[in-house]
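Next up, start-v2.cif (mmCIF, C-alpha atoms and all ligand atoms):
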```cif
data_start
#
loop_
_atom_site.group_PDB
_atom_site.id
_atom_site.type_symbol
_atom_site.label_atom_id
_atom_site.label_comp_id
_atom_site.auth_asym_id
_atom_site.auth_seq_id
_atom_site.Cartn_x
_atom_site.Cartn_y
_atom_site.Cartn_z
ATOM 1 C CA MET Z 235 -12.347 11.297 8.498
ATOM 2 C CA LEU Z 236 -10.072 10.101 5.714
ATOM 3 C CA VAL Z 237 -6.946 12.187 5.193
ATOM 4 C CA SER Z 238 -4.516 12.488 2.311
ATOM 5 C CA ALA Z 239 -1.259 10.616 2.833
ATOM 6 C CA THR Z 240 0.940 13.673 2.310
ATOM 7 C CA ASP Z 241 1.376 14.737 5.918
ATOM 8 C CA MET Z 242 1.790 11.271 7.370
ATOM 9 C CA LEU Z 243 4.494 10.448 4.836
ATOM 10 C CA ARG Z 244 6.358 13.741 5.216
ATOM 11 C CA LYS Z 245 6.460 13.073 8.964
ATOM 12 C CA ALA Z 246 7.608 9.507 8.311
ATOM 13 C CA LYS Z 247 10.415 10.663 6.050
ATOM 14 C CA ALA Z 248 11.569 13.262 8.572
ATOM 15 C CA GLY Z 249 11.273 10.752 11.425
ATOM 16 C CA HIS Z 250 13.033 7.880 9.581
ATOM 17 C CA TYR Z 251 10.225 5.368 9.676
ATOM 18 C CA ALA Z 252 7.704 4.097 7.118
ATOM 19 C CA VAL Z 253 3.908 3.925 7.042
ATOM 20 C CA GLY Z 254 2.432 0.650 5.802
ATOM 21 C CA GLN Z 255 -0.003 0.497 2.919
ATOM 22 C CA PHE Z 256 -2.047 -2.621 3.502
ATOM 23 C CA ASN Z 257 -4.269 -3.673 0.621
ATOM 24 C CA ILE Z 258 -7.866 -4.502 1.458
ATOM 25 C CA ASN Z 259 -10.114 -7.167 -0.040
ATOM 26 C CA ASN Z 260 -13.262 -7.148 2.053
ATOM 27 C CA LEU Z 261 -14.771 -6.191 5.393
ATOM 28 C CA GLU Z 262 -12.589 -8.561 7.457
ATOM 29 C CA TRP Z 263 -9.416 -7.040 5.992
ATOM 30 C CA THR Z 264 -10.551 -3.471 6.404
ATOM 31 C CA LYS Z 265 -11.938 -3.784 9.914
ATOM 32 C CA THR Z 266 -8.870 -5.686 11.110
ATOM 33 C CA ILE Z 267 -6.307 -3.332 9.582
ATOM 34 C CA LEU Z 268 -8.091 -0.286 10.999
ATOM 35 C CA SER Z 269 -8.451 -1.774 14.496
ATOM 36 C CA THR Z 270 -4.785 -2.811 14.493
ATOM 37 C CA ALA Z 271 -3.722 0.724 13.532
ATOM 38 C CA LYS Z 272 -5.882 2.108 16.335
ATOM 39 C CA GLU Z 273 -4.509 -0.400 18.861
ATOM 40 C CA LEU Z 274 -0.904 0.465 17.928
ATOM 41 C CA ARG Z 275 -1.497 4.210 17.484
ATOM 42 C CA SER Z 276 -0.107 4.005 13.950
ATOM 43 C CA PRO Z 277 -1.062 5.951 10.842
ATOM 44 C CA VAL Z 278 -2.163 3.626 8.035
ATOM 45 C CA ILE Z 279 -2.875 3.624 4.322
ATOM 46 C CA LEU Z 280 -5.552 1.295 2.944
ATOM 47 C CA GLY Z 281 -4.610 0.238 -0.577
ATOM 48 C CA VAL Z 282 -7.255 -0.725 -3.133
ATOM 49 C CA SER Z 283 -6.234 -2.249 -6.446
ATOM 50 C CA GLU Z 284 -8.635 -1.924 -9.355
ATOM 51 C CA GLY Z 285 -9.345 -5.669 -9.150
ATOM 52 C CA ALA Z 286 -10.064 -5.499 -5.421
ATOM 53 C CA GLY Z 287 -12.303 -2.459 -5.953
ATOM 54 C CA LYS Z 288 -14.310 -4.403 -8.519
ATOM 55 C CA TYR Z 289 -14.433 -7.472 -6.244
ATOM 56 C CA MET Z 290 -15.820 -5.429 -3.351
ATOM 57 C CA GLY Z 291 -18.611 -4.148 -5.574
ATOM 58 C CA GLY Z 292 -17.177 -0.826 -6.731
ATOM 59 C CA TYR Z 293 -15.402 2.229 -5.371
ATOM 60 C CA ASP Z 294 -18.548 3.684 -3.774
ATOM 61 C CA VAL Z 295 -18.934 0.503 -1.733
ATOM 62 C CA VAL Z 296 -15.304 0.771 -0.619
ATOM 63 C CA VAL Z 297 -15.620 4.412 0.395
ATOM 64 C CA GLY Z 298 -18.895 3.727 2.219
ATOM 65 C CA MET Z 299 -17.425 0.752 4.082
ATOM 66 C CA VAL Z 300 -14.259 2.578 5.107
ATOM 67 C CA ASN Z 301 -16.031 5.756 6.195
ATOM 68 C CA GLY Z 302 -18.571 3.689 8.115
ATOM 69 C CA LEU Z 303 -15.843 1.839 9.992
ATOM 70 C CA LEU Z 304 -13.974 5.061 10.797
ATOM 71 C CA LYS Z 305 -17.131 6.394 12.400
ATOM 72 C CA ASP Z 306 -18.642 3.343 14.087
ATOM 73 C CA GLN Z 307 -15.309 1.976 15.334
ATOM 74 C CA ASN Z 308 -14.056 5.407 16.434
ATOM 75 C CA ILE Z 309 -10.849 5.087 14.453
ATOM 76 C CA ASP Z 310 -8.872 8.081 15.700
ATOM 77 C CA VAL Z 311 -5.555 7.560 13.880
ATOM 78 C CA PRO Z 312 -4.718 9.056 10.450
ATOM 79 C CA VAL Z 313 -6.171 6.831 7.698
ATOM 80 C CA SER Z 314 -5.766 7.333 3.992
ATOM 81 C CA LEU Z 315 -7.736 5.454 1.318
ATOM 82 C CA HIS Z 316 -5.470 5.034 -1.670
ATOM 83 C CA LEU Z 317 -5.969 3.649 -5.187
ATOM 84 C CA ASP Z 318 -3.118 1.224 -5.873
ATOM 85 C CA HIS Z 319 -1.616 1.122 -9.390
ATOM 86 C CA GLY Z 320 -4.386 3.199 -10.880
ATOM 87 C CA THR Z 321 -4.922 3.614 -14.577
ATOM 88 C CA TYR Z 322 -5.756 7.084 -15.865
ATOM 89 C CA ASP Z 323 -9.546 6.442 -15.960
ATOM 90 C CA HIS Z 324 -9.715 4.804 -12.562
ATOM 91 C CA CYS Z 325 -7.840 7.694 -10.952
ATOM 92 C CA TYR Z 326 -10.773 9.894 -11.931
ATOM 93 C CA LYS Z 327 -13.310 7.286 -10.710
ATOM 94 C CA CYS Z 328 -11.647 7.123 -7.284
ATOM 95 C CA ILE Z 329 -11.386 10.907 -7.000
ATOM 96 C CA ASP Z 330 -15.138 11.100 -7.681
ATOM 97 C CA ALA Z 331 -15.969 8.271 -5.260
ATOM 98 C CA GLY Z 332 -14.224 9.940 -2.308
ATOM 99 C CA PHE Z 333 -10.803 8.314 -2.016
ATOM 100 C CA SER Z 334 -8.249 10.499 -0.233
ATOM 101 C CA SER Z 335 -5.222 9.434 -2.252
ATOM 102 C CA ILE Z 336 -4.450 7.945 -5.663
ATOM 103 C CA MET Z 337 -1.572 6.275 -7.388
ATOM 104 C CA PHE Z 338 -1.239 6.867 -11.087
ATOM 105 C CA ASP Z 339 0.867 4.069 -12.500
ATOM 106 C CA GLY Z 340 2.157 5.441 -15.774
ATOM 107 C CA SER Z 341 5.274 3.292 -15.654
ATOM 108 C CA HIS Z 342 4.299 1.367 -18.782
ATOM 109 C CA TYR Z 343 3.945 4.559 -20.853
ATOM 110 C CA SER Z 344 6.890 6.340 -22.455
ATOM 111 C CA ILE Z 345 8.441 8.819 -20.029
ATOM 112 C CA GLU Z 346 6.916 11.680 -22.063
ATOM 113 C CA GLU Z 347 3.403 10.277 -21.767
ATOM 114 C CA ASN Z 348 3.932 9.401 -18.092
ATOM 115 C CA VAL Z 349 4.997 13.035 -17.502
ATOM 116 C CA GLN Z 350 2.015 14.441 -19.383
ATOM 117 C CA LYS Z 351 -0.632 12.294 -17.656
ATOM 118 C CA THR Z 352 0.986 12.631 -14.230
ATOM 119 C CA THR Z 353 1.083 16.436 -14.593
ATOM 120 C CA GLU Z 354 -2.629 16.533 -15.323
ATOM 121 C CA LEU Z 355 -3.562 14.184 -12.474
ATOM 122 C CA VAL Z 356 -1.373 16.039 -9.950
ATOM 123 C CA LYS Z 357 -3.358 19.178 -10.712
ATOM 124 C CA VAL Z 358 -6.733 17.468 -10.404
ATOM 125 C CA ALA Z 359 -5.842 15.501 -7.247
ATOM 126 C CA HIS Z 360 -4.359 18.507 -5.464
ATOM 127 C CA GLY Z 361 -7.329 20.628 -6.476
ATOM 128 C CA LYS Z 362 -9.507 18.232 -4.475
ATOM 129 C CA GLY Z 363 -7.130 17.791 -1.537
ATOM 130 C CA LEU Z 364 -5.941 14.285 -2.434
ATOM 131 C CA SER Z 365 -2.360 13.041 -2.409
ATOM 132 C CA ILE Z 366 -0.897 11.398 -5.482
ATOM 133 C CA GLU Z 367 1.779 8.756 -6.000
ATOM 134 C CA ALA Z 368 3.527 8.180 -9.314
ATOM 135 C CA GLU Z 369 5.667 5.317 -10.513
ATOM 136 C CA VAL Z 370 8.853 5.087 -12.502
ATOM 137 C CA GLY Z 371 10.268 1.719 -13.543
ATOM 138 C CA SER Z 372 7.616 -0.969 -13.348
ATOM 139 C CA ILE Z 373 7.497 -3.232 -10.303
ATOM 140 C CA GLY Z 374 7.915 -6.885 -11.193
ATOM 141 C CA GLY Z 375 5.686 -9.828 -10.447
ATOM 142 C CA GLU Z 376 1.999 -10.332 -10.994
ATOM 143 C CA GLU Z 377 -0.773 -8.106 -9.758
ATOM 144 C CA ASP Z 378 -4.336 -8.457 -10.990
ATOM 145 C CA GLY Z 379 -3.094 -10.517 -13.905
ATOM 146 C CA VAL Z 380 -0.582 -7.915 -15.056
ATOM 147 C CA ILE Z 381 3.001 -9.131 -15.079
ATOM 148 C CA GLY Z 382 5.564 -6.359 -14.577
ATOM 149 C CA MET Z 383 9.137 -7.027 -15.620
ATOM 150 C CA GLY Z 384 10.766 -5.696 -12.456
ATOM 151 C CA GLU Z 385 12.814 -2.862 -13.848
ATOM 152 C CA VAL Z 386 15.293 -0.764 -11.976
ATOM 153 C CA ALA Z 387 14.218 2.879 -12.308
ATOM 154 C CA ASP Z 388 16.374 5.530 -13.947
ATOM 155 C CA PRO Z 389 17.164 8.099 -11.189
ATOM 156 C CA ASP Z 390 17.007 11.000 -13.668
ATOM 157 C CA GLU Z 391 13.514 9.965 -14.753
ATOM 158 C CA CYS Z 392 12.556 9.736 -11.062
ATOM 159 C CA LYS Z 393 13.730 13.312 -10.597
ATOM 160 C CA GLN Z 394 11.744 14.391 -13.658
ATOM 161 C CA ILE Z 395 8.520 12.866 -12.272
ATOM 162 C CA ALA Z 396 9.248 14.074 -8.716
ATOM 163 C CA ASP Z 397 9.484 17.641 -10.025
ATOM 164 C CA LEU Z 398 5.893 17.440 -11.303
ATOM 165 C CA GLY Z 399 4.706 17.850 -7.720
ATOM 166 C CA VAL Z 400 3.731 14.283 -6.838
ATOM 167 C CA ASP Z 401 3.522 13.681 -3.101
ATOM 168 C CA PHE Z 402 5.429 10.397 -3.070
ATOM 169 C CA LEU Z 403 7.147 8.280 -5.638
ATOM 170 C CA ALA Z 404 7.363 4.548 -6.282
ATOM 171 C CA ALA Z 405 10.560 3.543 -7.999
ATOM 172 C CA GLY Z 406 11.447 0.048 -9.141
ATOM 173 C CA ILE Z 407 14.604 -1.110 -7.362
ATOM 174 C CA GLY Z 408 14.403 -4.825 -8.077
ATOM 175 C CA ASN Z 409 11.302 -5.294 -5.902
ATOM 176 C CA ILE Z 410 8.447 -7.452 -7.125
ATOM 177 C CA HIS Z 411 4.859 -8.138 -6.101
ATOM 178 C CA GLY Z 412 4.053 -11.494 -4.551
ATOM 179 C CA LYS Z 413 6.535 -14.061 -3.248
ATOM 180 C CA TYR Z 414 10.190 -13.533 -4.122
ATOM 181 C CA PRO Z 415 11.800 -16.331 -6.147
ATOM 182 C CA ALA Z 416 14.702 -18.244 -4.578
ATOM 183 C CA ASN Z 417 17.152 -16.658 -7.022
ATOM 184 C CA TRP Z 418 16.061 -13.049 -6.301
ATOM 185 C CA GLN Z 419 18.977 -10.615 -6.474
ATOM 186 C CA GLY Z 420 17.719 -8.393 -3.619
ATOM 187 C CA LEU Z 421 16.994 -4.673 -3.663
ATOM 188 C CA SER Z 422 19.282 -2.302 -5.533
ATOM 189 C CA PHE Z 423 20.316 0.052 -2.714
ATOM 190 C CA GLU Z 424 22.673 1.814 -5.097
ATOM 191 C CA THR Z 425 19.702 2.869 -7.218
ATOM 192 C CA LEU Z 426 17.662 3.845 -4.159
ATOM 193 C CA ASP Z 427 20.511 5.970 -2.857
ATOM 194 C CA ALA Z 428 20.914 7.699 -6.234
ATOM 195 C CA ILE Z 429 17.148 8.372 -6.413
ATOM 196 C CA GLN Z 430 16.985 9.792 -2.895
ATOM 197 C CA LYS Z 431 19.973 12.068 -3.573
ATOM 198 C CA LEU Z 432 18.129 13.546 -6.554
ATOM 199 C CA THR Z 433 14.657 13.722 -5.014
ATOM 200 C CA GLY Z 434 15.593 15.051 -1.557
ATOM 201 C CA ASP Z 435 12.722 15.222 0.923
ATOM 202 C CA LEU Z 436 10.209 13.439 -1.298
ATOM 203 C CA PRO Z 437 8.933 10.275 0.429
ATOM 204 C CA LEU Z 438 9.791 7.161 -1.587
ATOM 205 C CA VAL Z 439 7.564 4.100 -1.822
ATOM 206 C CA LEU Z 440 8.605 0.461 -1.707
ATOM 207 C CA HIS Z 441 6.127 -1.858 -3.389
ATOM 208 C CA GLY Z 442 6.188 -5.623 -2.990
ATOM 209 C CA GLY Z 443 6.720 -5.524 0.785
ATOM 210 C CA THR Z 444 5.846 -9.226 1.170
ATOM 211 C CA GLY Z 445 8.882 -11.361 1.900
ATOM 212 C CA ILE Z 446 11.540 -8.632 1.919
ATOM 213 C CA PRO Z 447 13.921 -9.526 4.785
ATOM 214 C CA ALA Z 448 13.822 -7.215 7.830
ATOM 215 C CA ASP Z 449 17.395 -5.956 7.357
ATOM 216 C CA MET Z 450 16.633 -4.868 3.776
ATOM 217 C CA ILE Z 451 13.470 -3.094 4.962
ATOM 218 C CA LYS Z 452 15.491 -1.200 7.591
ATOM 219 C CA LYS Z 453 18.139 -0.216 5.061
ATOM 220 C CA ALA Z 454 15.485 0.932 2.567
ATOM 221 C CA ILE Z 455 13.928 3.140 5.279
ATOM 222 C CA ASP Z 456 17.388 4.575 6.040
ATOM 223 C CA LEU Z 457 17.691 5.453 2.359
ATOM 224 C CA GLY Z 458 14.431 7.400 2.186
ATOM 225 C CA VAL Z 459 11.590 4.871 1.862
ATOM 226 C CA SER Z 460 8.607 6.184 3.864
ATOM 227 C CA LYS Z 461 5.768 4.001 2.563
ATOM 228 C CA ILE Z 462 5.859 0.237 2.204
ATOM 229 C CA ASN Z 463 3.115 -1.703 0.436
ATOM 230 C CA VAL Z 464 2.029 -5.086 1.741
ATOM 231 C CA ASN Z 465 -0.632 -7.225 0.129
ATOM 232 C CA THR Z 466 0.257 -10.884 -0.446
ATOM 233 C CA GLU Z 467 1.526 -11.458 3.098
ATOM 234 C CA CYS Z 468 -1.903 -10.761 4.633
ATOM 235 C CA GLN Z 469 -3.492 -13.053 2.044
ATOM 236 C CA LEU Z 470 -1.061 -15.849 2.886
ATOM 237 C CA SER Z 471 -1.540 -15.560 6.633
ATOM 238 C CA PHE Z 472 -5.346 -15.340 6.269
ATOM 239 C CA ALA Z 473 -5.370 -18.438 4.048
ATOM 240 C CA ALA Z 474 -3.085 -20.442 6.358
ATOM 241 C CA ALA Z 475 -5.205 -19.690 9.447
ATOM 242 C CA THR Z 476 -8.443 -20.490 7.616
ATOM 243 C CA ARG Z 477 -6.959 -23.730 6.274
ATOM 244 C CA LYS Z 478 -5.921 -24.751 9.789
ATOM 245 C CA TYR Z 479 -9.417 -24.065 11.186
ATOM 246 C CA ILE Z 480 -11.027 -26.223 8.522
ATOM 247 C CA GLU Z 481 -8.415 -28.966 8.607
ATOM 248 C CA GLU Z 482 -8.931 -29.252 12.347
ATOM 249 C CA GLY Z 483 -12.645 -29.786 11.631
ATOM 250 C CA LYS Z 484 -13.668 -26.703 13.631
ATOM 251 C CA ASP Z 485 -16.260 -25.690 11.038
ATOM 252 C CA LEU Z 486 -18.066 -28.943 11.802
ATOM 253 C CA GLU Z 487 -18.201 -28.407 15.560
ATOM 254 C CA GLY Z 488 -21.306 -26.625 16.909
ATOM 255 C CA LYS Z 489 -21.886 -23.459 14.893
ATOM 256 C CA GLY Z 490 -18.293 -23.367 13.645
ATOM 257 C CA PHE Z 491 -19.623 -22.814 10.137
ATOM 258 C CA ASP Z 492 -20.920 -19.346 11.093
ATOM 259 C CA PRO Z 493 -18.834 -16.865 9.074
ATOM 260 C CA ARG Z 494 -18.244 -14.868 12.235
ATOM 261 C CA LYS Z 495 -16.445 -17.930 13.599
ATOM 262 C CA LEU Z 496 -15.080 -19.328 10.339
ATOM 263 C CA LEU Z 497 -13.345 -16.095 9.373
ATOM 264 C CA ALA Z 498 -12.135 -15.154 12.846
ATOM 265 C CA PRO Z 499 -8.778 -17.017 12.789
ATOM 266 C CA GLY Z 500 -7.975 -15.443 9.396
ATOM 267 C CA ALA Z 501 -8.789 -11.978 10.716
ATOM 268 C CA GLN Z 502 -6.578 -12.628 13.756
ATOM 269 C CA ALA Z 503 -3.781 -13.682 11.374
ATOM 270 C CA ILE Z 504 -4.142 -10.419 9.418
ATOM 271 C CA HIS Z 505 -3.936 -8.538 12.726
ATOM 272 C CA ASP Z 506 -0.718 -10.357 13.632
ATOM 273 C CA THR Z 507 0.854 -9.713 10.216
ATOM 274 C CA VAL Z 508 -0.079 -6.022 10.236
ATOM 275 C CA LYS Z 509 1.215 -5.623 13.791
ATOM 276 C CA GLU Z 510 4.528 -7.248 12.892
ATOM 277 C CA LYS Z 511 4.914 -4.943 9.875
ATOM 278 C CA MET Z 512 4.002 -1.777 11.777
ATOM 279 C CA GLU Z 513 6.589 -2.668 14.409
ATOM 280 C CA LEU Z 514 9.228 -3.373 11.748
ATOM 281 C CA PHE Z 515 8.428 -0.185 9.817
ATOM 282 C CA GLY Z 516 8.627 1.900 13.012
ATOM 283 C CA SER Z 517 5.170 3.496 12.652
ATOM 284 C CA VAL Z 518 3.836 2.326 16.060
ATOM 285 C CA GLY Z 519 2.959 5.301 18.280
ATOM 286 C CA LYS Z 520 3.347 7.815 15.430
ATOM 287 C CA ALA Z 521 -0.341 8.606 15.044
ATOM 288 C CA ASP Z 522 -0.470 11.338 17.643
HETATM 289 P P1 LIG U 601 2.996 -7.619 -2.170
HETATM 290 O O1 LIG U 601 1.755 -8.305 -2.604
HETATM 291 O O2 LIG U 601 4.222 -8.287 -2.705
HETATM 292 O O3 LIG U 601 3.066 -7.419 -0.695
HETATM 293 O O4 LIG U 601 2.997 -6.172 -2.846
HETATM 294 C C1 LIG U 601 2.007 -5.244 -2.514
HETATM 295 C C2 LIG U 601 2.101 -4.014 -3.353
HETATM 296 O O5 LIG U 601 3.155 -3.549 -3.702
HETATM 297 C C3 LIG U 601 0.840 -3.348 -3.724
HETATM 298 O O6 LIG U 601 1.063 -2.296 -4.596
#
```

How does the structure come out when it is put into structure tokens?
Ligand code: 13P
Amino acid sequence: MLVSATDMLRKAKAGHYAVGQFNINNLEWTKTILSTAKELRSPVILGVSEGAGKYMGGYDVVVGMVNGLLKDQNIDVPVSLHLDHGTYDHCYKCIDAGFSSIMFDGSHYSIEENVQKTTELVKVAHGKGLSIEAEVGSIGGEEDGVIGMGEVADPDECKQIADLGVDFLAAGIGNIHGKYPANWQGLSFETLDAIQKLTGDLPLVLHGGTGIPADMIKKAIDLGVSKINVNTECQLSFAAATRKYIEEGKDLEGKGFDPRKLLAPGAQAIHDTVKEKMELFGSVGKAD
């Protein structure tokens, strides 16, 4: 059964590790991420962007697929199904479809409007037993065609949103979605430290987990990050493994064109990436 992410992230914050949010795109992604979490006894959050939800056929399809896998694959670790960077309308759609967690990304609104909409959604989500993430200071880079500027959040605004009762908070600290450019300045640990001092026990979320060096990830966890989002890295490893299979001509050998064979190296690559991240984040063995 899907669970909200509140408990798993409170435990992560108290235990000084982070739970990975791995974004899903299709059955191969979902099945692989869930089986890796089960193998490593790790809690896991499946992230669904609005674009990915649409690609998979809609939120009902996503909920049906995930619930089906939990049952048929006997997934016995805590799993949360979370809307990633949700708009106001899509938060309601995902609540209705059966997600167990939502993110309302009001970072592009004025702080007043972000506060007003977040307040309303906190009430609705909690009323139905879902967890809710909010965002202050937009995360840079491109996601689903939207380019964020990569702001550094104002710690006082973070405190203001935290006090609305959200379960975890994403704050921009110089992190961006996708690959980091060569001239990236790194994470602003000063900002993260200031935010954690004001928000106390609230789990903090680090978006743009792809390509952040291991030492920065460790330091971010030390400073209160309990959820780390990874999307692009699984896409890159899937694509590289699939490319290799085809370049080696394997799809032309025997029944190598069968999708169950063609997509297998990519799925294995997602497994390896997820495993590496769970080990780095410290969530291995924390499911029980
Ligand atoms: P990356 O694609 O950079 O890993 O970021 C994922 C993310 O933050 C999803 O919200």

Need to verify the contact set: Pro415 in chain Z, 12 Å, only C-alpha atoms, exclusion of same-chain residues closer than 6 positions in sequence. Can you return it as a PyMOL selection string? chain Z and resi 374-375+408-409+444-446

Mind dumping the selected residues with C-alpha atoms as an mmCIF file, in the frame of the given file?
```cif
data_model
loop_
_atom_site.group_PDB
_atom_site.id
_atom_site.type_symbol
_atom_site.label_atom_id
_atom_site.label_comp_id
_atom_site.auth_asym_id
_atom_site.auth_seq_id
_atom_site.Cartn_x
_atom_site.Cartn_y
_atom_site.Cartn_z
ATOM 1 C CA GLY Z 374 7.915 -6.885 -11.193
ATOM 2 C CA GLY Z 375 5.686 -9.828 -10.447
ATOM 3 C CA GLY Z 408 14.403 -4.825 -8.077
ATOM 4 C CA ASN Z 409 11.302 -5.294 -5.902
ATOM 5 C CA THR Z 444 5.846 -9.226 1.170
ATOM 6 C CA GLY Z 445 8.882 -11.361 1.900
ATOM 7 C CA ILE Z 446 11.540 -8.632 1.919
#
```

Closest pair table for chain Z residues within 6 Å of ligand LIG 601 (chain U), all atoms listed in the file, as JSON lines:
```
{"residue": "Z:Asp318", "atom": "CA", "partner": "U:LIG601", "partner_atom": "O6", "distance": 5.6}
{"residue": "Z:His411", "atom": "CA", "partner": "U:LIG601", "partner_atom": "O2", "distance": 3.5}
{"residue": "Z:Gly412", "atom": "CA", "partner": "U:LIG601", "partner_atom": "O2", "distance": 3.7}
{"residue": "Z:His441", "atom": "CA", "partner": "U:LIG601", "partner_atom": "O5", "distance": 3.4}
{"residue": "Z:Gly442", "atom": "CA", "partner": "U:LIG601", "partner_atom": "O4", "distance": 3.2}
{"residue": "Z:Gly443", "atom": "CA", "partner": "U:LIG601", "partner_atom": "O3", "distance": 4.4}
{"residue": "Z:Thr444", "atom": "CA", "partner": "U:LIG601", "partner_atom": "O3", "distance": 3.8}
{"residue": "Z:Asn463", "atom": "CA", "partner": "U:LIG601", "partner_atom": "O5", "distance": 4.5}
{"residue": "Z:Val464", "atom": "CA", "partner": "U:LIG601", "partner_atom": "O3", "distance": 3.5}
{"residue": "Z:Asn465", "atom": "CA", "partner": "U:LIG601", "partner_atom": "O1", "distance": 3.8}
{"residue": "Z:Thr466", "atom": "CA", "partner": "U:LIG601", "partner_atom": "O1", "distance": 3.7}
{"residue": "Z:Glu467", "atom": "CA", "partner": "U:LIG601", "partner_atom": "O3", "distance": 5.8}
```

Spell out the residues picked by the PyMOL selection byres (((chain Z and resi 471-474) around 6) and not hetatm) here, as a VMD selection string. chain Z and resid 468 to 470 475 to 477 500 503 to 504

Keeping only C-alpha atoms, take the residues you just selected and write them out as a PDB file, in the frame of the given file.
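Written file, result_38.pdb:
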```pdb
ATOM      1  CA  CYS Z 468      -1.903 -10.761   4.633  1.00  0.00           C
ATOM      2  CA  GLN Z 469      -3.492 -13.053   2.044  1.00  0.00           C
ATOM      3  CA  LEU Z 470      -1.061 -15.849   2.886  1.00  0.00           C
ATOM      4  CA  ALA Z 475      -5.205 -19.690   9.447  1.00  0.00           C
ATOM      5  CA  THR Z 476      -8.443 -20.490   7.616  1.00  0.00           C
ATOM      6  CA  ARG Z 477      -6.959 -23.730   6.274  1.00  0.00           C
ATOM      7  CA  GLY Z 500      -7.975 -15.443   9.396  1.00  0.00           C
ATOM      8  CA  ALA Z 503      -3.781 -13.682  11.374  1.00  0.00           C
ATOM      9  CA  ILE Z 504      -4.142 -10.419   9.418  1.00  0.00           C
TER      10      ILE Z 504
END
```

Selected by the PyMOL selection byres (((chain Z and resi 424) around 12) and not hetatm) in the shown coordinates: which residues, as a list in words?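 Written out, the selection comes to Val386, Ala387, Asp388, Pro389, Ile407, Gly408, Gly420, Leu421, Ser422, Phe423, Thr425, Leu426, Asp427, Ala428, Ile429, Gln430, Lys431, Lys453, Ala454 and Leu457 of chain Z.
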
Convert the output of the PyMOL selection byres (((chain Z and resi 363) around 9) and not hetatm) on the shown file into explicit residues, formatted as number ranges by chain. Z: 237-238, 334-335, 358-362, 364-365

Got time to write the residues from that selection, C-alpha atoms, as a tab-separated table (two decimals), in the coordinates of the input?
```tsv
chain	number	residue	atom	x	y	z
Z	237	VAL	CA	-6.95	12.19	5.19
Z	238	SER	CA	-4.52	12.49	2.31
Z	334	SER	CA	-8.25	10.50	-0.23
Z	335	SER	CA	-5.22	9.43	-2.25
Z	358	VAL	CA	-6.73	17.47	-10.40
Z	359	ALA	CA	-5.84	15.50	-7.25
Z	360	HIS	CA	-4.36	18.51	-5.46
Z	361	GLY	CA	-7.33	20.63	-6.48
Z	362	LYS	CA	-9.51	18.23	-4.47
Z	364	LEU	CA	-5.94	14.28	-2.43
Z	365	SER	CA	-2.36	13.04	-2.41
```

Could you work out how far CA of Val296 in chain Z lies from CA of Glu367 in chain Z, giving the answer in Å with one decimal?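 Going from CA of Glu367 in chain Z over to CA of Val296 in chain Z covers 19.6 Å.
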
Work out how far apart CA of Lys272 in chain Z and CA of Ser517 in chain Z are and give it in Å to one decimal.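 Spanning CA of Lys272 in chain Z to CA of Ser517 in chain Z is a straight-line distance of 11.7 Å.
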
Can you tell me, as lines of an AutoDock Vina configuration file, the centre and edge lengths (Å, one decimal) of the axis-aligned box enclosing all of range 492-505 of chain Z's listed atoms after padding each side by 6 Å?
```
center_x = -12.4
center_y = -13.9
center_z = 11.4
size_x = 29.1
size_y = 22.8
size_z = 16.7
```

At what distance in Å, to one decimal, does CA of Ala368 in chain Z lie from CA of Ile345 in chain Z?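 If I compute the distance from CA of Ile345 in chain Z to CA of Ala368 in chain Z, I get 11.8 Å.
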
In terms of the shortest atom-to-atom distance over only C-alpha atoms, which of Z:Ala498, Z:Ile480, Z:Val349, Z:Ala246 is closest to Leu436 in chain Z? Z:Ala246

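Counting all atoms listed in the file, Asp294 in chain Z has the following residues at most 10 Å away, ignoring those fewer than 5 positions along the same chain: Z:Gly287, Z:Met299, Z:Val300, Z:Lys327, Z:Cys328, Z:Asp330, Z:Ala331, Z:Gly332, Z:Phe333.
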
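In terms of minimum interatomic distance to Glu273 in chain Z, Z:Asp310 ranks closest within Z:Asp310, Z:Glu391, Z:Asp397, Z:Glu369, counting only C-alpha atoms.
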
Go through Z:Gln350, Z:Asn257, Z:Ser460, Z:Thr507 one by one, measure the shortest atom-to-atom distance of each to Asp241 in chain Z using only C-alpha atoms, and give the residue with the smallest value.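 For Asp241 in chain Z, the nearest of the candidates is Z:Ser460.
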
Nearest to His319 in chain Z among Z:Asn301, Z:Ser269, Z:Gln307, Z:Ser372, with distances taken over only C-alpha atoms: which residue is it? Z:Ser372

Compile a residue-level contact table for range 249-291 of chain Z against range 509-512 of chain Z at a cut-off of 8 Å, reporting for every qualifying residue the shortest atom pair and its distance in Å to one decimal, with all atoms listed in the file counted, rows ordered by chain and ascending number, as a Markdown table.
```
| residue | atom | partner | partner_atom | distance |
| --- | --- | --- | --- | --- |
| Z:Val253 | CA | Z:Met512 | CA | 7.4 |
| Z:Gly254 | CA | Z:Met512 | CA | 6.6 |
| Z:Thr270 | CA | Z:Lys509 | CA | 6.7 |
| Z:Leu274 | CA | Z:Lys509 | CA | 7.7 |
| Z:Ser276 | CA | Z:Met512 | CA | 7.4 |
```

Taking only C-alpha atoms into account, which of Z:Met242, Z:Leu236, Z:Ile451, Z:Leu355 comes nearest Lys305 in chain Z? Z:Leu236

Using only C-alpha atoms, can you tell me which of Z:Gln502, Z:Gln419, Z:Asn348, Z:Ser283 comes closest to Ile336 in chain Z? Z:Ser283
